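query.cif follows (mmCIF, C-alpha atoms and all ligand atoms; chains and numbers go by the auth columns):
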data_my_file
#
loop_
_atom_site.group_PDB
_atom_site.id
_atom_site.type_symbol
_atom_site.label_atom_id
_atom_site.label_comp_id
_atom_site.label_asym_id
_atom_site.label_seq_id
_atom_site.Cartn_x
_atom_site.Cartn_y
_atom_site.Cartn_z
_atom_site.B_iso_or_equiv
_atom_site.auth_seq_id
_atom_site.auth_asym_id
ATOM 1 C CA MET A 1 43.737 -50.813 122.537 0.00 1 G
ATOM 2 C CA THR A 2 44.691 -54.458 122.400 0.00 2 G
ATOM 3 C CA GLU A 3 44.513 -54.217 118.602 0.00 3 G
ATOM 4 C CA ALA A 4 46.991 -51.329 118.655 0.00 4 G
ATOM 5 C CA VAL A 5 49.348 -53.337 120.881 0.00 5 G
ATOM 6 C CA TYR A 6 49.096 -56.276 118.485 0.00 6 G
ATOM 7 C CA ILE A 7 49.911 -54.082 115.466 0.00 7 G
ATOM 8 C CA VAL A 8 52.926 -52.505 117.223 0.00 8 G
ATOM 9 C CA TYR A 9 54.074 -55.979 118.295 0.00 9 G
ATOM 10 C CA MET A 10 53.809 -57.323 114.728 0.00 10 G
ATOM 11 C CA THR A 11 55.668 -54.261 113.387 0.00 11 G
ATOM 12 C CA LEU A 12 58.570 -54.985 115.760 0.00 12 G
ATOM 13 C CA ILE A 13 58.493 -58.668 114.746 0.00 13 G
ATOM 14 C CA GLY A 14 58.643 -57.483 111.127 0.00 14 G
ATOM 15 C CA VAL A 15 61.720 -55.322 111.801 0.00 15 G
ATOM 16 C CA ALA A 16 63.454 -58.326 113.402 0.00 16 G
ATOM 17 C CA VAL A 17 62.432 -60.624 110.520 0.00 17 G
ATOM 18 C CA GLY A 18 63.720 -57.954 108.129 0.00 18 G
ATOM 19 C CA SER A 19 67.083 -58.239 109.841 0.00 19 G
ATOM 20 C CA PHE A 20 67.121 -61.956 108.970 0.00 20 G
ATOM 21 C CA LEU A 21 65.949 -61.216 105.399 0.00 21 G
ATOM 22 C CA ASN A 22 69.059 -59.010 105.055 0.00 22 G
ATOM 23 C CA VAL A 23 71.184 -62.048 105.899 0.00 23 G
ATOM 24 C CA VAL A 24 69.328 -64.031 103.220 0.00 24 G
ATOM 25 C CA VAL A 25 69.800 -61.253 100.625 0.00 25 G
ATOM 26 C CA ASP A 26 73.507 -61.008 101.555 0.00 26 G
ATOM 27 C CA ARG A 27 74.369 -64.686 101.624 0.00 27 G
ATOM 28 C CA LEU A 28 72.063 -66.604 99.286 0.00 28 G
ATOM 29 C CA PRO A 29 73.502 -65.151 96.030 0.00 29 G
ATOM 30 C CA LEU A 30 77.000 -66.064 97.281 0.00 30 G
ATOM 31 C CA GLY A 31 75.976 -69.619 98.146 0.00 31 G
ATOM 32 C CA GLN A 32 76.770 -69.112 101.850 0.00 32 G
ATOM 33 C CA SER A 33 74.994 -70.789 104.749 0.00 33 G
ATOM 34 C CA LEU A 34 72.081 -68.852 106.221 0.00 34 G
ATOM 35 C CA VAL A 35 72.574 -70.225 109.731 0.00 35 G
ATOM 36 C CA ARG A 36 76.296 -70.790 110.123 0.00 36 G
ATOM 37 C CA GLY A 37 78.919 -68.078 110.378 0.00 37 G
ATOM 38 C CA ARG A 38 78.697 -64.920 112.440 0.00 38 G
ATOM 39 C CA SER A 39 77.675 -61.635 110.895 0.00 39 G
ATOM 40 C CA HIS A 40 80.638 -59.471 109.983 0.00 40 G
ATOM 41 C CA CYS A 41 81.359 -56.177 108.301 0.00 41 G
ATOM 42 C CA ASP A 42 81.686 -56.675 104.536 0.00 42 G
ATOM 43 C CA ALA A 43 84.528 -54.157 104.357 0.00 43 G
ATOM 44 C CA CYS A 44 86.853 -55.061 107.281 0.00 44 G
ATOM 45 C CA LEU A 45 85.465 -58.562 108.055 0.00 45 G
ATOM 46 C CA HIS A 46 85.359 -57.675 111.778 0.00 46 G
ATOM 47 C CA PRO A 47 82.723 -59.847 113.523 0.00 47 G
ATOM 48 C CA LEU A 48 79.744 -57.797 114.677 0.00 48 G
ATOM 49 C CA ALA A 49 78.654 -57.789 118.316 0.00 49 G
ATOM 50 C CA PHE A 50 75.013 -58.119 119.312 0.00 50 G
ATOM 51 C CA TYR A 51 74.830 -54.363 119.897 0.00 51 G
ATOM 52 C CA ASP A 52 75.916 -53.804 116.279 0.00 52 G
ATOM 53 C CA LEU A 53 73.025 -55.945 115.104 0.00 53 G
ATOM 54 C CA VAL A 54 69.998 -54.377 116.762 0.00 54 G
ATOM 55 C CA PRO A 55 67.655 -53.815 113.780 0.00 55 G
ATOM 56 C CA LEU A 56 67.291 -50.156 112.713 0.00 56 G
ATOM 57 C CA PHE A 57 68.645 -48.892 116.043 0.00 57 G
ATOM 58 C CA SER A 58 72.268 -49.887 115.388 0.00 58 G
ATOM 59 C CA TYR A 59 72.216 -48.296 111.942 0.00 59 G
ATOM 60 C CA LEU A 60 70.906 -45.013 113.368 0.00 60 G
ATOM 61 C CA TRP A 61 73.207 -45.110 116.416 0.00 61 G
ATOM 62 C CA LEU A 62 76.286 -45.767 114.256 0.00 62 G
ATOM 63 C CA ARG A 63 75.070 -43.225 111.677 0.00 63 G
ATOM 64 C CA GLY A 64 75.233 -45.813 108.929 0.00 64 G
ATOM 65 C CA ARG A 65 78.916 -46.672 109.404 0.00 65 G
ATOM 66 C CA CYS A 66 80.848 -49.722 110.633 0.00 66 G
ATOM 67 C CA ARG A 67 81.998 -49.246 114.265 0.00 67 G
ATOM 68 C CA TYR A 68 85.406 -50.774 113.491 0.00 68 G
ATOM 69 C CA CYS A 69 86.436 -49.405 110.085 0.00 69 G
ATOM 70 C CA THR A 70 83.816 -46.653 109.451 0.00 70 G
ATOM 71 C CA ALA A 71 82.904 -48.169 106.058 0.00 71 G
ATOM 72 C CA LYS A 72 79.363 -47.280 105.022 0.00 72 G
ATOM 73 C CA ILE A 73 76.706 -49.855 105.877 0.00 73 G
ATOM 74 C CA PRO A 74 74.572 -50.443 102.747 0.00 74 G
ATOM 75 C CA TRP A 75 71.323 -48.398 102.867 0.00 75 G
ATOM 76 C CA ARG A 76 69.529 -51.590 101.983 0.00 76 G
ATOM 77 C CA VAL A 77 70.049 -52.918 105.532 0.00 77 G
ATOM 78 C CA PRO A 78 67.824 -50.421 107.386 0.00 78 G
ATOM 79 C CA LEU A 79 65.502 -50.185 104.355 0.00 79 G
ATOM 80 C CA VAL A 80 64.660 -53.909 104.409 0.00 80 G
ATOM 81 C CA GLU A 81 64.092 -53.740 108.176 0.00 81 G
ATOM 82 C CA ALA A 82 61.811 -50.719 107.853 0.00 82 G
ATOM 83 C CA VAL A 83 59.892 -52.149 104.879 0.00 83 G
ATOM 84 C CA ALA A 84 59.398 -55.514 106.595 0.00 84 G
ATOM 85 C CA GLY A 85 58.236 -53.753 109.767 0.00 85 G
ATOM 86 C CA ALA A 86 55.747 -51.603 107.833 0.00 86 G
ATOM 87 C CA LEU A 87 54.378 -54.554 105.839 0.00 87 G
ATOM 88 C CA PHE A 88 54.042 -56.753 108.945 0.00 88 G
ATOM 89 C CA GLY A 89 52.214 -53.964 110.770 0.00 89 G
ATOM 90 C CA TRP A 90 49.917 -53.248 107.813 0.00 90 G
ATOM 91 C CA THR A 91 49.123 -56.954 107.313 0.00 91 G
ATOM 92 C CA ALA A 92 48.327 -57.348 111.013 0.00 92 G
ATOM 93 C CA TYR A 93 46.072 -54.282 110.802 0.00 93 G
ATOM 94 C CA GLN A 94 44.245 -55.675 107.758 0.00 94 G
ATOM 95 C CA PHE A 95 43.850 -59.329 108.704 0.00 95 G
ATOM 96 C CA GLY A 96 44.110 -59.319 112.501 0.00 96 G
ATOM 97 C CA ALA A 97 45.490 -62.283 114.439 0.00 97 G
ATOM 98 C CA SER A 98 44.639 -64.907 111.825 0.00 98 G
ATOM 99 C CA LEU A 99 45.994 -67.652 109.612 0.00 99 G
ATOM 100 C CA GLU A 100 45.553 -65.220 106.702 0.00 100 G
ATOM 101 C CA THR A 101 48.110 -62.882 108.285 0.00 101 G
ATOM 102 C CA PHE A 102 50.633 -65.710 108.599 0.00 102 G
ATOM 103 C CA VAL A 103 50.143 -66.882 104.986 0.00 103 G
ATOM 104 C CA VAL A 104 50.334 -63.353 103.559 0.00 104 G
ATOM 105 C CA LEU A 105 53.497 -62.574 105.544 0.00 105 G
ATOM 106 C CA LEU A 106 55.183 -65.745 104.326 0.00 106 G
ATOM 107 C CA SER A 107 54.672 -64.594 100.727 0.00 107 G
ATOM 108 C CA VAL A 108 55.716 -61.045 101.634 0.00 108 G
ATOM 109 C CA CYS A 109 59.050 -62.289 103.064 0.00 109 G
ATOM 110 C CA VAL A 110 59.811 -64.334 99.936 0.00 110 G
ATOM 111 C CA LEU A 111 58.901 -61.358 97.728 0.00 111 G
ATOM 112 C CA ILE A 112 61.121 -58.962 99.725 0.00 112 G
ATOM 113 C CA VAL A 113 64.064 -61.349 99.228 0.00 113 G
ATOM 114 C CA ILE A 114 63.352 -61.634 95.477 0.00 114 G
ATOM 115 C CA PHE A 115 62.968 -57.843 95.200 0.00 115 G
ATOM 116 C CA PHE A 116 66.346 -56.989 96.727 0.00 116 G
ATOM 117 C CA ILE A 117 68.423 -59.840 95.270 0.00 117 G
ATOM 118 C CA ASP A 118 67.152 -58.962 91.774 0.00 118 G
ATOM 119 C CA LEU A 119 67.789 -55.260 92.395 0.00 119 G
ATOM 120 C CA GLU A 120 71.400 -55.928 93.435 0.00 120 G
ATOM 121 C CA HIS A 121 72.341 -58.889 91.239 0.00 121 G
ATOM 122 C CA GLN A 122 69.828 -58.794 88.337 0.00 122 G
ATOM 123 C CA LEU A 123 69.069 -62.346 89.320 0.00 123 G
ATOM 124 C CA ILE A 124 66.088 -64.319 90.597 0.00 124 G
ATOM 125 C CA LEU A 125 67.502 -67.405 92.272 0.00 125 G
ATOM 126 C CA ASN A 126 66.057 -70.796 91.312 0.00 126 G
ATOM 127 C CA VAL A 127 66.400 -72.004 94.895 0.00 127 G
ATOM 128 C CA VAL A 128 64.104 -69.215 96.123 0.00 128 G
ATOM 129 C CA LEU A 129 61.481 -69.948 93.453 0.00 129 G
ATOM 130 C CA LEU A 130 61.640 -73.749 93.761 0.00 130 G
ATOM 131 C CA VAL A 131 61.351 -73.793 97.547 0.00 131 G
ATOM 132 C CA SER A 132 58.706 -71.104 97.871 0.00 132 G
ATOM 133 C CA LEU A 133 56.376 -71.896 94.950 0.00 133 G
ATOM 134 C CA PRO A 134 54.947 -75.216 96.221 0.00 134 G
ATOM 135 C CA VAL A 135 54.610 -73.901 99.786 0.00 135 G
ATOM 136 C CA ILE A 136 52.856 -70.719 98.670 0.00 136 G
ATOM 137 C CA ALA A 137 50.591 -72.663 96.273 0.00 137 G
ATOM 138 C CA ILE A 138 49.567 -75.189 98.973 0.00 138 G
ATOM 139 C CA LEU A 139 48.817 -72.399 101.483 0.00 139 G
ATOM 140 C CA PHE A 140 46.857 -70.291 98.947 0.00 140 G
ATOM 141 C CA PRO A 141 43.360 -71.330 100.202 0.00 141 G
ATOM 142 C CA PHE A 142 44.282 -69.976 103.660 0.00 142 G
ATOM 143 C CA GLY A 143 45.613 -66.614 102.436 0.00 143 G
ATOM 144 C CA SER A 144 43.969 -63.237 101.941 0.00 144 G
ATOM 145 C CA ILE A 145 42.611 -64.049 98.462 0.00 145 G
ATOM 146 C CA GLY A 146 42.156 -67.820 98.554 0.00 146 G
ATOM 147 C CA SER A 147 40.075 -67.781 101.755 0.00 147 G
ATOM 148 C CA GLU A 148 37.263 -66.145 99.756 0.00 148 G
ATOM 149 C CA TYR A 149 36.743 -69.448 97.919 0.00 149 G
ATOM 150 C CA ASN A 150 36.208 -73.041 98.990 0.00 150 G
ATOM 151 C CA ALA A 151 39.373 -75.151 98.940 0.00 151 G
ATOM 152 C CA GLY A 152 38.610 -76.894 95.626 0.00 152 G
ATOM 153 C CA GLU A 153 37.976 -73.664 93.763 0.00 153 G
ATOM 154 C CA ALA A 154 40.956 -72.012 95.419 0.00 154 G
ATOM 155 C CA TYR A 155 43.310 -74.734 94.123 0.00 155 G
ATOM 156 C CA LEU A 156 41.829 -74.456 90.602 0.00 156 G
ATOM 157 C CA ARG A 157 42.503 -70.713 90.761 0.00 157 G
ATOM 158 C CA VAL A 158 46.082 -71.331 91.870 0.00 158 G
ATOM 159 C CA LEU A 159 46.719 -73.757 89.004 0.00 159 G
ATOM 160 C CA ALA A 160 45.163 -71.339 86.504 0.00 160 G
ATOM 161 C CA GLY A 161 47.186 -68.474 88.022 0.00 161 G
ATOM 162 C CA ILE A 162 50.468 -70.396 87.776 0.00 162 G
ATOM 163 C CA GLY A 163 49.750 -71.406 84.160 0.00 163 G
ATOM 164 C CA LEU A 164 48.698 -67.906 83.140 0.00 164 G
ATOM 165 C CA GLY A 165 51.537 -66.168 84.995 0.00 165 G
ATOM 166 C CA PHE A 166 54.146 -68.460 83.478 0.00 166 G
ATOM 167 C CA GLY A 167 52.498 -68.255 80.037 0.00 167 G
ATOM 168 C CA VAL A 168 52.313 -64.450 79.926 0.00 168 G
ATOM 169 C CA MET A 169 55.963 -64.076 80.925 0.00 169 G
ATOM 170 C CA LEU A 170 57.048 -66.809 78.480 0.00 170 G
ATOM 171 C CA VAL A 171 55.335 -65.005 75.580 0.00 171 G
ATOM 172 C CA ILE A 172 56.990 -61.706 76.573 0.00 172 G
ATOM 173 C CA TYR A 173 60.338 -63.488 76.936 0.00 173 G
ATOM 174 C CA ILE A 174 60.055 -64.978 73.423 0.00 174 G
ATOM 175 C CA VAL A 175 58.598 -61.924 71.654 0.00 175 G
ATOM 176 C CA PHE A 176 60.865 -59.274 73.236 0.00 176 G
ATOM 177 C CA ARG A 177 64.133 -61.116 73.283 0.00 177 G
ATOM 178 C CA GLY A 178 66.498 -59.794 75.923 0.00 178 G
ATOM 179 C CA ALA A 179 63.861 -57.682 77.659 0.00 179 G
ATOM 180 C CA MET A 180 63.463 -60.250 80.446 0.00 180 G
ATOM 181 C CA GLY A 181 65.477 -63.047 81.974 0.00 181 G
ATOM 182 C CA GLU A 182 64.497 -66.662 82.469 0.00 182 G
ATOM 183 C CA GLY A 183 64.077 -65.875 86.159 0.00 183 G
ATOM 184 C CA ASP A 184 61.275 -63.450 85.273 0.00 184 G
ATOM 185 C CA VAL A 185 59.418 -66.241 83.432 0.00 185 G
ATOM 186 C CA LYS A 186 59.593 -68.526 86.478 0.00 186 G
ATOM 187 C CA MET A 187 58.657 -65.539 88.628 0.00 187 G
ATOM 188 C CA GLY A 188 55.420 -65.368 86.573 0.00 188 G
ATOM 189 C CA ALA A 189 54.533 -68.821 87.930 0.00 189 G
ATOM 190 C CA LEU A 190 55.230 -67.711 91.515 0.00 190 G
ATOM 191 C CA MET A 191 53.019 -64.664 91.016 0.00 191 G
ATOM 192 C CA GLY A 192 50.168 -66.945 89.966 0.00 192 G
ATOM 193 C CA ALA A 193 50.736 -69.160 93.014 0.00 193 G
ATOM 194 C CA ALA A 194 50.665 -66.162 95.357 0.00 194 G
ATOM 195 C CA VAL A 195 47.535 -64.392 94.063 0.00 195 G
ATOM 196 C CA GLY A 196 45.798 -66.953 91.786 0.00 196 G
ATOM 197 C CA TYR A 197 43.590 -66.345 88.787 0.00 197 G
ATOM 198 C CA PRO A 198 42.354 -63.738 87.883 0.00 198 G
ATOM 199 C CA GLN A 199 44.216 -61.492 90.361 0.00 199 G
ATOM 200 C CA VAL A 200 47.501 -62.342 88.626 0.00 200 G
ATOM 201 C CA LEU A 201 46.309 -60.134 85.744 0.00 201 G
ATOM 202 C CA ALA A 202 45.980 -57.177 88.110 0.00 202 G
ATOM 203 C CA ALA A 203 49.503 -57.884 89.416 0.00 203 G
ATOM 204 C CA PHE A 204 50.900 -57.832 85.871 0.00 204 G
ATOM 205 C CA PHE A 205 49.053 -54.600 85.119 0.00 205 G
ATOM 206 C CA VAL A 206 50.464 -52.866 88.211 0.00 206 G
ATOM 207 C CA ALA A 207 53.973 -54.162 87.434 0.00 207 G
ATOM 208 C CA PHE A 208 53.930 -52.980 83.815 0.00 208 G
ATOM 209 C CA VAL A 209 52.544 -49.544 84.646 0.00 209 G
ATOM 210 C CA ALA A 210 55.017 -49.055 87.519 0.00 210 G
ATOM 211 C CA SER A 211 58.042 -50.190 85.486 0.00 211 G
ATOM 212 C CA GLY A 212 56.968 -47.959 82.596 0.00 212 G
ATOM 213 C CA LEU A 213 56.715 -44.949 84.901 0.00 213 G
ATOM 214 C CA VAL A 214 60.107 -45.657 86.477 0.00 214 G
ATOM 215 C CA ALA A 215 61.707 -46.143 83.045 0.00 215 G
ATOM 216 C CA LEU A 216 60.284 -42.799 81.884 0.00 216 G
ATOM 217 C CA GLY A 217 61.482 -41.156 85.091 0.00 217 G
ATOM 218 C CA LEU A 218 65.002 -42.521 84.649 0.00 218 G
ATOM 219 C CA MET A 219 65.107 -41.375 81.016 0.00 219 G
ATOM 220 C CA ALA A 220 63.988 -37.901 82.075 0.00 220 G
ATOM 221 C CA PHE A 221 66.436 -37.514 84.961 0.00 221 G
ATOM 222 C CA ARG A 222 69.439 -39.572 83.922 0.00 222 G
ATOM 223 C CA GLY A 223 69.060 -39.768 80.176 0.00 223 G
ATOM 224 C CA ALA A 224 69.256 -43.529 80.602 0.00 224 G
ATOM 225 C CA GLY A 225 69.279 -45.606 77.446 0.00 225 G
ATOM 226 C CA ARG A 226 68.348 -49.260 77.022 0.00 226 G
ATOM 227 C CA LYS A 227 71.731 -50.234 78.417 0.00 227 G
ATOM 228 C CA ASP A 228 70.823 -49.337 81.973 0.00 228 G
ATOM 229 C CA ALA A 229 67.729 -51.544 81.751 0.00 229 G
ATOM 230 C CA VAL A 230 66.150 -51.800 85.177 0.00 230 G
ATOM 231 C CA PRO A 231 65.554 -55.385 86.371 0.00 231 G
ATOM 232 C CA PHE A 232 61.893 -56.331 86.071 0.00 232 G
ATOM 233 C CA GLY A 233 61.709 -58.746 89.019 0.00 233 G
ATOM 234 C CA PRO A 234 61.401 -56.025 91.696 0.00 234 G
ATOM 235 C CA PHE A 235 58.306 -54.650 89.942 0.00 235 G
ATOM 236 C CA LEU A 236 56.766 -58.126 89.730 0.00 236 G
ATOM 237 C CA ALA A 237 57.491 -58.783 93.417 0.00 237 G
ATOM 238 C CA ALA A 238 56.193 -55.403 94.597 0.00 238 G
ATOM 239 C CA SER A 239 52.999 -55.661 92.538 0.00 239 G
ATOM 240 C CA VAL A 240 52.215 -59.078 94.048 0.00 240 G
ATOM 241 C CA ILE A 241 52.612 -57.578 97.538 0.00 241 G
ATOM 242 C CA ALA A 242 50.258 -54.758 96.508 0.00 242 G
ATOM 243 C CA VAL A 243 47.602 -57.213 95.248 0.00 243 G
ATOM 244 C CA LEU A 244 47.931 -59.421 98.363 0.00 244 G
ATOM 245 C CA LEU A 245 47.495 -56.525 100.748 0.00 245 G
ATOM 246 C CA ALA A 246 44.826 -54.626 98.805 0.00 246 G
ATOM 247 C CA ARG A 247 42.759 -57.801 98.283 0.00 247 G
ATOM 248 C CA GLU A 248 39.609 -57.184 96.239 0.00 248 G
ATOM 249 C CA ASN A 249 40.083 -53.393 96.313 0.00 249 G
ATOM 250 C CA LEU A 250 42.925 -53.366 93.801 0.00 250 G
ATOM 251 C CA TYR A 251 41.353 -56.070 91.659 0.00 251 G
ATOM 252 C CA SER A 252 37.952 -54.343 91.452 0.00 252 G
ATOM 253 C CA TRP A 253 39.710 -51.108 90.598 0.00 253 G
ATOM 254 C CA TYR A 254 41.499 -52.982 87.805 0.00 254 G
ATOM 255 C CA LEU A 255 38.165 -54.377 86.525 0.00 255 G
ATOM 256 C CA ASP A 256 36.547 -50.929 86.601 0.00 256 G
ATOM 257 C CA LEU A 257 39.435 -49.589 84.570 0.00 257 G
ATOM 258 C CA PHE A 258 38.747 -52.017 81.743 0.00 258 G
ATOM 259 C CA SER A 259 34.943 -52.077 81.770 0.00 259 G
ATOM 260 C CA PHE A 260 33.057 -49.549 79.717 0.00 260 G
HETATM 261 ZN ZN ZN B . 84.092 -52.626 109.023 0.00 301 G
#

Rewrite the structure from the file as structure tokens, please.
Ligand SMILES: [Zn+2]
Amino acid sequence: MTEAVYIVYMTLIGVAVGSFLNVVVDRLPLGQSLVRGRSHCDACLHPLAFYDLVPLFSYLWLRGRCRYCTAKIPWRVPLVEAVAGALFGWTAYQFGASLETFVVLLSVCVLIVIFFIDLEHQLILNVVLLVSLPVIAILFPFGSIGSEYNAGEAYLRVLAGIGLGFGVMLVIYIVFRGAMGEGDVKMGALMGAAVGYPQVLAAFFVAFVASGLVALGLMAFRGAGRKDAVPFGPFLAASVIAVLLARENLYSWYLDLFSF
């Protein structure tokens, strides 16, 4: 019972954190302050009251439209809140009330921000990568994967993961010119910091398979050509979340796939 209360509590915390992540996704690409300035409607610039800003609830209550000018609120707003809530709840369920939960959720928040900024702007911001990479690397031994090793080995695995992640993306960047951006190469390093070696290989595998499937789906339904290339960063970010939350399950599945 207490466990259920804890999971519900963490889900609600996640929805509230998701509300802040929306502010980050809105403002960071525009170079605006994350703490100063009141929230306002993007269409009519009317400041929003606290009752317009209740996560999920306000969107549903207002039926997805601004109270003042009836402009549509982007679907990303409730989506980020719902996704953050679900991931917080799932992480709490998996790792309980532990340091692991905190470390995993820190990475999850960074990855959600990267996912949605890249989706909307085809851009992975240097400031996000530069601030988060050292923090995530230092905390790796306390996370869901790193806590399986002693601290020394965990840090070796982080360094190997960063080198391999960066290296793999750099080779792809050079060989398939134009297929990826420089942000994707740096994102490779962050992936290694978040999941270490060898799990970073599983993350790449999931990302490549998922992006291939989505590309095929788009070609089938929209007749999309190379012009509408889908940004790759969201796949990288989502696959890292999958590896973090599945722990050894996803990695052992990946090993089984390639062992004969
Ligand atoms: Zn408005």

If you take all atoms listed in the file and a cut-off of 10 Å, which residues of chain G touch ligand ZN 301 (chain G), and what are their nearest atom pairs and distances in Å to one decimal, in chain and number order, as a tab-separated table?
residue	atom	partner	partner_atom	distance
G:His40	CA	G:ZN301	ZN	7.7
G:Cys41	CA	G:ZN301	ZN	4.5
G:Asp42	CA	G:ZN301	ZN	6.5
G:Ala43	CA	G:ZN301	ZN	4.9
G:Cys44	CA	G:ZN301	ZN	4.1
G:Leu45	CA	G:ZN301	ZN	6.2
G:His46	CA	G:ZN301	ZN	5.9
G:Pro47	CA	G:ZN301	ZN	8.6
G:Leu48	CA	G:ZN301	ZN	8.8
G:Arg65	CA	G:ZN301	ZN	7.9
G:Cys66	CA	G:ZN301	ZN	4.6
G:Arg67	CA	G:ZN301	ZN	6.6
G:Tyr68	CA	G:ZN301	ZN	5.0
G:Cys69	CA	G:ZN301	ZN	4.1
G:Thr70	CA	G:ZN301	ZN	6.0
G:Ala71	CA	G:ZN301	ZN	5.5
G:Lys72	CA	G:ZN301	ZN	8.2
G:Ile73	CA	G:ZN301	ZN	8.5

Next item on the list: Starting from the shown file, work through the PyMOL selection byres (((chain G and resi 108) around 9) and not hetatm) and note down what comes out as a VMD selection string.
Entry: chain G and resid 84 87 to 88 103 to 107 109 to 113 237 240 to 241 244

Check: Taking only C-alpha atoms into account, which of G:Phe50, G:Tyr155, G:Tyr6, G:Tyr149 comes nearest Pro134 of chain G?
Finding: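 The answer is G:Tyr155, which sits nearest to Pro134 of chain G.
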
Note to self: Need the shell around Thr11 of chain G: protein/DNA/RNA residues with any atom at most 10 Å away, counting only C-alpha atoms. Skip same-chain ones fewer than 6 positions apart. Format as a list in words?
What the structure shows: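 Neighbouring residues, sequence-local ones excluded: Val5, Val17, Glu81, Ala82, Val83, Ala84, Gly85, Ala86, Leu87, Phe88, Gly89, Trp90, Thr91, Ala92 and Tyr93 of chain G.
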
Store the residues of this selection in a file with C-alpha atoms, as a PDB file, keeping the file's coordinate frame.
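That gives us part04.pdb:
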ATOM      1  CA  VAL G   5      49.348 -53.337 120.881  1.00  0.00           C
ATOM      2  CA  VAL G  17      62.432 -60.624 110.520  1.00  0.00           C
ATOM      3  CA  GLU G  81      64.092 -53.740 108.176  1.00  0.00           C
ATOM      4  CA  ALA G  82      61.811 -50.719 107.853  1.00  0.00           C
ATOM      5  CA  VAL G  83      59.892 -52.149 104.879  1.00  0.00           C
ATOM      6  CA  ALA G  84      59.398 -55.514 106.595  1.00  0.00           C
ATOM      7  CA  GLY G  85      58.236 -53.753 109.767  1.00  0.00           C
ATOM      8  CA  ALA G  86      55.747 -51.603 107.833  1.00  0.00           C
ATOM      9  CA  LEU G  87      54.378 -54.554 105.839  1.00  0.00           C
ATOM     10  CA  PHE G  88      54.042 -56.753 108.945  1.00  0.00           C
ATOM     11  CA  GLY G  89      52.214 -53.964 110.770  1.00  0.00           C
ATOM     12  CA  TRP G  90      49.917 -53.248 107.813  1.00  0.00           C
ATOM     13  CA  THR G  91      49.123 -56.954 107.313  1.00  0.00           C
ATOM     14  CA  ALA G  92      48.327 -57.348 111.013  1.00  0.00           C
ATOM     15  CA  TYR G  93      46.072 -54.282 110.802  1.00  0.00           C
TER      16      TYR G  93
END

Next item on the list: Measuring atom to atom with only C-alpha atoms, identify which of G:Ala220, G:Ala189, G:Val24, G:Val195 is nearest to Leu130 of chain G.
Entry: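 Among the listed residues, G:Ala189 lies closest to Leu130 of chain G.
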
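Closest to Leu53 of chain G among G:Val77, G:Leu34, G:Ile174, G:Leu125 is G:Val77, based on all atoms listed in the file.
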
Completed segment 87-98 of chain G (N, CA and C atoms) as a JSON list (two decimals), in the coordinates of the input:
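The result, written out as rebuild_22.json:
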[["chain", "number", "residue", "atom", "x", "y", "z"],
["G", 87, "LEU", "N", 55.28, -53.57, 106.47],
["G", 87, "LEU", "CA", 54.38, -54.55, 105.84],
["G", 87, "LEU", "C", 53.78, -55.51, 106.87],
["G", 88, "PHE", "N", 54.58, -55.89, 107.87],
["G", 88, "PHE", "CA", 54.04, -56.75, 108.94],
["G", 88, "PHE", "C", 52.94, -56.01, 109.71],
["G", 89, "GLY", "N", 53.20, -54.75, 110.03],
["G", 89, "GLY", "CA", 52.21, -53.96, 110.77],
["G", 89, "GLY", "C", 50.93, -53.78, 109.96],
["G", 90, "TRP", "N", 51.08, -53.47, 108.68],
["G", 90, "TRP", "CA", 49.92, -53.25, 107.81],
["G", 90, "TRP", "C", 49.10, -54.54, 107.64],
["G", 91, "THR", "N", 49.81, -55.67, 107.47],
["G", 91, "THR", "CA", 49.12, -56.95, 107.31],
["G", 91, "THR", "C", 48.37, -57.30, 108.59],
["G", 92, "ALA", "N", 48.99, -57.07, 109.73],
["G", 92, "ALA", "CA", 48.33, -57.35, 111.01],
["G", 92, "ALA", "C", 47.09, -56.47, 111.18],
["G", 93, "TYR", "N", 47.20, -55.21, 110.73],
["G", 93, "TYR", "CA", 46.07, -54.28, 110.80],
["G", 93, "TYR", "C", 44.92, -54.77, 109.92],
["G", 94, "GLN", "N", 45.27, -55.26, 108.72],
["G", 94, "GLN", "CA", 44.24, -55.68, 107.76],
["G", 94, "GLN", "C", 43.58, -56.99, 108.13],
["G", 95, "PHE", "N", 44.37, -57.97, 108.56],
["G", 95, "PHE", "CA", 43.85, -59.33, 108.70],
["G", 95, "PHE", "C", 43.80, -59.81, 110.15],
["G", 96, "GLY", "N", 44.21, -58.96, 111.09],
["G", 96, "GLY", "CA", 44.11, -59.32, 112.50],
["G", 96, "GLY", "C", 45.02, -60.49, 112.86],
["G", 97, "ALA", "N", 44.72, -61.12, 114.00],
["G", 97, "ALA", "CA", 45.49, -62.28, 114.44],
["G", 97, "ALA", "C", 44.85, -63.50, 113.80],
["G", 98, "SER", "N", 45.30, -63.84, 112.58],
["G", 98, "SER", "CA", 44.64, -64.91, 111.82],
["G", 98, "SER", "C", 45.65, -65.70, 111.01]]
